[in-house]
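Chemist: File name target.csv; file contents CSV, C-alpha atoms and all ligand atoms; full text below.
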```
chain,number,residue,atom,x,y,z
A,24,MET,CA,-38.5,107.2,9.5
A,25,ASN,CA,-40.2,110.2,8.1
A,26,LEU,CA,-38.1,113.3,8.9
A,27,ASP,CA,-41.2,115.5,9.3
A,28,LYS,CA,-42.1,113.1,12.0
A,29,VAL,CA,-38.8,113.7,13.7
A,30,PHE,CA,-39.6,117.4,14.2
A,31,GLU,CA,-43.1,116.6,15.4
A,32,ASN,CA,-41.7,114.1,17.9
A,33,ASN,CA,-39.3,116.8,19.1
A,34,GLN,CA,-42.2,119.2,19.8
A,35,ASP,CA,-44.1,116.5,21.7
A,36,TRP,CA,-40.9,115.8,23.7
A,37,ILE,CA,-40.4,119.4,24.6
A,38,LYS,CA,-44.1,119.6,25.7
A,39,THR,CA,-43.7,116.4,27.9
A,40,LYS,CA,-40.5,117.7,29.6
A,41,LEU,CA,-42.0,121.1,30.3
A,42,GLU,CA,-45.1,119.7,31.7
A,43,LEU,CA,-43.0,117.9,34.3
A,44,ASP,CA,-40.7,120.8,35.0
A,45,SER,CA,-41.1,124.2,33.4
A,46,GLN,CA,-37.4,124.9,34.0
A,47,TYR,CA,-36.2,121.7,32.4
A,48,PHE,CA,-34.3,123.1,29.5
A,49,GLU,CA,-33.0,126.1,31.5
A,50,LYS,CA,-31.5,123.6,34.0
A,51,LEU,CA,-30.0,121.5,31.2
A,52,SER,CA,-28.3,124.5,29.7
A,53,LYS,CA,-26.4,125.2,33.0
A,54,GLY,CA,-24.0,122.3,32.4
A,55,GLN,CA,-23.5,118.6,32.8
A,56,SER,CA,-22.0,116.3,35.4
A,57,PRO,CA,-22.5,112.7,34.2
A,58,GLU,CA,-21.1,109.9,36.3
A,59,ILE,CA,-20.9,107.4,33.4
A,60,LEU,CA,-19.0,107.3,30.2
A,61,TYR,CA,-20.7,104.8,27.9
A,62,ILE,CA,-18.8,103.5,24.9
A,63,GLY,CA,-21.2,101.5,22.7
A,64,CYS,CA,-21.8,100.3,19.2
A,65,SER,CA,-23.3,102.6,16.6
A,66,ASP,CA,-25.9,99.9,15.8
A,67,SER,CA,-29.4,101.6,15.6
A,68,ARG,CA,-30.8,98.8,17.8
A,69,ALA,CA,-28.4,99.2,20.6
A,70,THR,CA,-29.4,102.7,21.9
A,71,ALA,CA,-27.4,104.0,24.8
A,72,GLU,CA,-29.8,106.1,27.0
A,73,GLU,CA,-33.0,104.3,26.2
A,74,LEU,CA,-31.9,100.8,27.3
A,75,MET,CA,-30.4,102.2,30.5
A,76,GLY,CA,-33.4,104.5,31.3
A,77,ALA,CA,-31.0,107.4,31.5
A,78,GLU,CA,-32.1,111.0,31.2
A,79,PRO,CA,-30.2,113.8,29.3
A,80,GLY,CA,-27.2,114.9,31.5
A,81,GLU,CA,-26.7,111.5,33.1
A,82,VAL,CA,-24.4,109.7,30.6
A,83,PHE,CA,-21.6,110.8,28.4
A,84,VAL,CA,-21.8,108.8,25.2
A,85,HIS,CA,-19.4,107.6,22.5
A,86,ARG,CA,-20.5,105.1,19.8
A,87,ASN,CA,-18.6,103.6,17.0
A,88,ILE,CA,-18.7,100.4,15.0
A,89,ALA,CA,-18.4,97.5,17.4
A,90,ASN,CA,-17.6,99.7,20.5
A,91,MET,CA,-13.9,99.8,19.9
A,92,VAL,CA,-11.3,101.6,22.1
A,93,ILE,CA,-8.3,102.1,19.8
A,94,SER,CA,-5.3,103.9,21.1
A,95,ILE,CA,-4.7,105.9,17.9
A,96,ASP,CA,-8.3,106.8,17.4
A,97,LEU,CA,-8.3,110.5,18.3
A,98,ASN,CA,-12.0,110.5,18.6
A,99,VAL,CA,-12.5,107.9,21.3
A,100,MET,CA,-9.3,109.0,23.0
A,101,SER,CA,-10.6,112.6,23.2
A,102,VAL,CA,-13.9,111.5,24.5
A,103,LEU,CA,-12.2,109.3,27.1
A,104,ASN,CA,-9.8,112.0,28.3
A,105,TYR,CA,-12.4,114.7,28.5
A,106,ALA,CA,-14.8,112.4,30.4
A,107,VAL,CA,-12.2,111.1,32.8
A,108,ASN,CA,-10.1,114.2,33.4
A,109,GLN,CA,-12.6,117.1,33.0
A,110,LEU,CA,-16.0,115.6,33.8
A,111,LYS,CA,-14.5,113.2,36.3
A,112,VAL,CA,-16.9,110.4,35.5
A,113,LYS,CA,-16.9,107.6,38.1
A,114,HIS,CA,-17.5,104.7,35.7
A,115,VAL,CA,-16.4,103.9,32.2
A,116,VAL,CA,-18.5,101.3,30.4
A,117,VAL,CA,-17.8,99.4,27.2
A,118,CYS,CA,-21.1,98.0,26.1
A,119,GLY,CA,-21.2,95.5,23.2
A,120,HIS,CA,-24.3,93.7,21.8
A,121,TYR,CA,-25.0,90.3,20.6
A,122,PHE,CA,-25.5,90.0,16.8
A,123,CYS,CA,-23.2,92.9,16.2
A,124,GLY,CA,-22.7,93.5,12.5
A,125,GLY,CA,-19.1,94.8,13.0
A,126,VAL,CA,-18.1,91.6,14.9
A,127,LYS,CA,-19.8,89.5,12.3
A,128,ALA,CA,-17.9,91.3,9.5
A,129,ALA,CA,-14.6,90.6,11.3
A,130,MET,CA,-15.4,86.9,11.3
A,131,THR,CA,-15.9,86.9,7.5
A,132,ALA,CA,-13.3,86.5,4.8
A,133,GLN,CA,-14.1,89.6,2.8
A,134,ASP,CA,-12.5,92.9,1.7
A,135,LEU,CA,-14.5,95.8,3.2
A,136,GLY,CA,-12.1,98.6,2.0
A,137,ILE,CA,-11.8,101.4,4.6
A,138,LEU,CA,-13.4,99.2,7.2
A,139,ASN,CA,-10.6,96.7,7.0
A,140,PRO,CA,-8.2,98.4,9.5
A,141,TRP,CA,-11.0,99.1,11.9
A,142,LEU,CA,-12.3,95.5,11.8
A,143,ARG,CA,-8.7,94.1,12.0
A,144,ASN,CA,-8.7,95.1,15.7
A,145,ILE,CA,-11.6,92.7,16.2
A,146,ARG,CA,-9.7,90.0,14.2
A,147,ASP,CA,-6.8,90.6,16.7
A,148,VAL,CA,-9.3,89.8,19.5
A,149,TYR,CA,-10.2,86.6,17.7
A,150,ARG,CA,-6.5,85.7,17.4
A,151,ILE,CA,-5.8,86.3,21.1
A,152,HIS,CA,-8.8,84.1,22.1
A,153,ARG,CA,-8.5,81.7,19.1
A,154,ASP,CA,-8.2,78.5,21.3
A,155,GLU,CA,-11.4,79.2,23.2
A,156,LEU,CA,-13.4,80.4,20.2
A,157,ASN,CA,-12.5,77.6,17.9
A,158,LYS,CA,-13.7,75.1,20.5
A,159,LEU,CA,-17.2,76.5,20.1
A,160,PRO,CA,-19.6,75.4,17.3
A,161,ASP,CA,-19.2,77.7,14.2
A,162,GLY,CA,-22.4,79.7,14.6
A,163,ASP,CA,-24.2,82.1,16.9
A,164,GLU,CA,-22.4,80.7,20.0
A,165,ARG,CA,-18.9,81.5,18.7
A,166,TYR,CA,-20.1,84.8,17.2
A,167,ASN,CA,-21.6,86.0,20.5
A,168,ARG,CA,-18.7,84.8,22.5
A,169,LEU,CA,-16.5,87.0,20.3
A,170,VAL,CA,-18.8,89.9,21.1
A,171,GLU,CA,-18.1,89.3,24.8
A,172,LEU,CA,-14.4,88.9,24.4
A,173,ASN,CA,-14.3,92.0,22.3
A,174,VAL,CA,-15.9,94.0,25.1
A,175,GLN,CA,-13.3,92.5,27.5
A,176,GLU,CA,-10.4,93.5,25.2
A,177,GLN,CA,-11.7,97.0,24.8
A,178,CYS,CA,-11.8,97.3,28.6
A,179,VAL,CA,-8.2,96.1,28.6
A,180,ASN,CA,-7.5,98.9,26.1
A,181,LEU,CA,-9.0,101.4,28.4
A,182,ILE,CA,-6.9,100.2,31.3
A,183,LYS,CA,-3.8,100.7,29.1
A,184,THR,CA,-4.4,104.4,29.0
A,185,ALA,CA,-2.7,106.9,31.3
A,186,ALA,CA,-6.1,108.7,31.9
A,187,VAL,CA,-7.7,105.5,33.3
A,188,GLN,CA,-4.6,104.4,35.2
A,189,THR,CA,-4.2,107.8,36.9
A,190,ALA,CA,-7.9,108.2,37.7
A,191,TYR,CA,-8.0,104.6,39.1
A,192,LYS,CA,-5.1,105.3,41.5
A,193,GLU,CA,-6.3,108.8,42.5
A,194,ARG,CA,-10.0,108.3,42.9
A,195,GLY,CA,-11.0,104.7,42.2
A,196,LEU,CA,-12.4,105.1,38.7
A,197,GLN,CA,-14.1,101.8,37.6
A,198,VAL,CA,-14.2,100.1,34.2
A,199,HIS,CA,-17.1,97.9,33.3
A,200,GLY,CA,-17.8,95.5,30.5
A,201,TRP,CA,-21.5,95.0,29.5
A,202,VAL,CA,-23.4,93.3,26.7
A,203,PHE,CA,-26.8,94.2,25.5
A,204,ASP,CA,-28.8,91.1,24.4
A,205,ILE,CA,-30.9,92.3,21.5
A,206,GLN,CA,-33.0,89.1,21.6
A,207,SER,CA,-34.3,89.7,25.1
A,208,GLY,CA,-33.5,93.4,25.7
A,209,LYS,CA,-31.4,92.4,28.7
A,210,LEU,CA,-28.3,94.3,29.7
A,211,ILE,CA,-25.7,91.9,31.0
A,212,ASP,CA,-22.8,92.8,33.2
A,213,LEU,CA,-19.8,90.6,32.2
A,214,LYS,CA,-18.5,91.2,35.8
A,215,LEU,CA,-14.9,91.7,34.6
A,216,ASP,CA,-12.5,91.8,37.5
A,217,PHE,CA,-11.0,95.2,36.9
A,218,PRO,CA,-8.3,95.1,39.7
A,219,GLU,CA,-7.3,91.6,38.5
A,220,ILE,CA,-7.0,92.6,34.9
A,221,LEU,CA,-5.0,95.7,35.9
A,222,HIS,CA,-2.7,93.5,38.0
A,223,ASN,CA,-2.2,91.0,35.2
A,224,ILE,CA,-1.2,93.5,32.6
A,225,GLN,CA,0.5,96.0,34.9
A,226,GLU,CA,4.1,94.9,34.4
A,227,ILE,CA,3.7,95.5,30.6
A,228,TYR,CA,1.4,98.5,30.4
A,229,ASP,CA,2.1,100.4,33.6
A,230,LEU,CA,2.7,104.1,32.8
A,231,GLY,CA,4.0,104.9,36.2
B,301,CO,CO,-22.7,96.4,16.7
```
Let me see the structure of the file written as structure tokens.
Ligand code: CO
Modeler:
Amino acid sequence: MNLDKVFENNQDWIKTKLELDSQYFEKLSKGQSPEILYIGCSDSRATAEELMGAEPGEVFVHRNIANMVISIDLNVMSVLNYAVNQLKVKHVVVCGHYFCGGVKAAMTAQDLGILNPWLRNIRDVYRIHRDELNKLPDGDERYNRLVELNVQEQCVNLIKTAAVQTAYKERGLQVHGWVFDIQSGKLIDLKLDFPEILHNIQEIYDLG
């Protein structure tokens, strides 16, 4: 993509927005009150706002390789705590996508340097669900099932945090696991049973 084109696009975008509402940017500058925190993959094909049809101000977004929620990652934990405790979002979404390069890399026997510790978290998801995954044919089916299970485990990681546990108890915050199907453009709700997951892991991860 030509960078000059980026700035041209930006001018066109400003024009379009102002045509619909001459106060558009003035209103945007007043603040944000998004109801959704979206944690997705950095993959250039799995855009956050565009696939949801969301406008600026509607979704608080964090993206990293393979939409991971890692307890010692200060970045994702800062985003989560700010979104839940300050912005008071109603929903936290982990959205993975089929044909995720990060997940693929974690299924491959290769040394990727600094990426190793990051991807090891996905290898851990594989280990937890090894029995189910190894029953599937070695190919796209297994690969994309790991994408789904990774989303599920990142939702579990969210539920392990004090921020989510407290907001759930106090105001019914919800956690959702979604997958974006790149082949069809479809957004799929994995329909994870949040209260059930919480109940199952509570005796181990309850922070009181
Ligand atoms: Co990805």
Chemist: Counting all atoms listed in the file, name the residues that have an atom within 12 Å of an atom of ligand CO 301 (chain B); the answer should be given as a PyMOL selection string.
Modeler: chain A and resi 62-70+86-91+117-129+142+145+166-167+169-171+173-174+202-205
Chemist: Output the selection as a PDB file, in the coordinates of the input - C-alpha atoms for each residue.
Modeler:
```
ATOM      1  CA  ILE A  62     -18.800 103.500  24.900  1.00  0.00           C
ATOM      2  CA  GLY A  63     -21.200 101.500  22.700  1.00  0.00           C
ATOM      3  CA  CYS A  64     -21.800 100.300  19.200  1.00  0.00           C
ATOM      4  CA  SER A  65     -23.300 102.600  16.600  1.00  0.00           C
ATOM      5  CA  ASP A  66     -25.900  99.900  15.800  1.00  0.00           C
ATOM      6  CA  SER A  67     -29.400 101.600  15.600  1.00  0.00           C
ATOM      7  CA  ARG A  68     -30.800  98.800  17.800  1.00  0.00           C
ATOM      8  CA  ALA A  69     -28.400  99.200  20.600  1.00  0.00           C
ATOM      9  CA  THR A  70     -29.400 102.700  21.900  1.00  0.00           C
ATOM     10  CA  ARG A  86     -20.500 105.100  19.800  1.00  0.00           C
ATOM     11  CA  ASN A  87     -18.600 103.600  17.000  1.00  0.00           C
ATOM     12  CA  ILE A  88     -18.700 100.400  15.000  1.00  0.00           C
ATOM     13  CA  ALA A  89     -18.400  97.500  17.400  1.00  0.00           C
ATOM     14  CA  ASN A  90     -17.600  99.700  20.500  1.00  0.00           C
ATOM     15  CA  MET A  91     -13.900  99.800  19.900  1.00  0.00           C
ATOM     16  CA  VAL A 117     -17.800  99.400  27.200  1.00  0.00           C
ATOM     17  CA  CYS A 118     -21.100  98.000  26.100  1.00  0.00           C
ATOM     18  CA  GLY A 119     -21.200  95.500  23.200  1.00  0.00           C
ATOM     19  CA  HIS A 120     -24.300  93.700  21.800  1.00  0.00           C
ATOM     20  CA  TYR A 121     -25.000  90.300  20.600  1.00  0.00           C
ATOM     21  CA  PHE A 122     -25.500  90.000  16.800  1.00  0.00           C
ATOM     22  CA  CYS A 123     -23.200  92.900  16.200  1.00  0.00           C
ATOM     23  CA  GLY A 124     -22.700  93.500  12.500  1.00  0.00           C
ATOM     24  CA  GLY A 125     -19.100  94.800  13.000  1.00  0.00           C
ATOM     25  CA  VAL A 126     -18.100  91.600  14.900  1.00  0.00           C
ATOM     26  CA  LYS A 127     -19.800  89.500  12.300  1.00  0.00           C
ATOM     27  CA  ALA A 128     -17.900  91.300   9.500  1.00  0.00           C
ATOM     28  CA  ALA A 129     -14.600  90.600  11.300  1.00  0.00           C
ATOM     29  CA  LEU A 142     -12.300  95.500  11.800  1.00  0.00           C
ATOM     30  CA  ILE A 145     -11.600  92.700  16.200  1.00  0.00           C
ATOM     31  CA  TYR A 166     -20.100  84.800  17.200  1.00  0.00           C
ATOM     32  CA  ASN A 167     -21.600  86.000  20.500  1.00  0.00           C
ATOM     33  CA  LEU A 169     -16.500  87.000  20.300  1.00  0.00           C
ATOM     34  CA  VAL A 170     -18.800  89.900  21.100  1.00  0.00           C
ATOM     35  CA  GLU A 171     -18.100  89.300  24.800  1.00  0.00           C
ATOM     36  CA  ASN A 173     -14.300  92.000  22.300  1.00  0.00           C
ATOM     37  CA  VAL A 174     -15.900  94.000  25.100  1.00  0.00           C
ATOM     38  CA  VAL A 202     -23.400  93.300  26.700  1.00  0.00           C
ATOM     39  CA  PHE A 203     -26.800  94.200  25.500  1.00  0.00           C
ATOM     40  CA  ASP A 204     -28.800  91.100  24.400  1.00  0.00           C
ATOM     41  CA  ILE A 205     -30.900  92.300  21.500  1.00  0.00           C
TER      42      ILE A 205
END
```
Chemist: Might you pull out every residue within 12 Å of Ala106 (chain A), with only C-alpha atoms counted and same-chain residues fewer than 4 positions away left off, and present them as number ranges by chain?
Modeler: A: 55-62, 82-85, 99-102, 110-116, 186-187, 190, 196
Chemist: Determine, counting only C-alpha atoms, which protein, DNA and RNA residues have an atom within 9 Å of an atom of Asp229 (chain A); residues of the same chain fewer than 6 positions away are not included. Present the result as a PyMOL selection string.
Modeler: chain A and resi 183-185+188+221
Chemist: What's the separation between CA of Gly76 (chain A) and CA of Asn25 (chain A), in Å to one decimal place?
Modeler: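 Distance reported for this atom pair: 24.8 Å.
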Chemist: Kindly give the distance, in Å, that separates CA of Leu103 (chain A) and CA of His152 (chain A), rounded to a single decimal.
Modeler: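 Between these atoms lies a distance of 25.9 Å.
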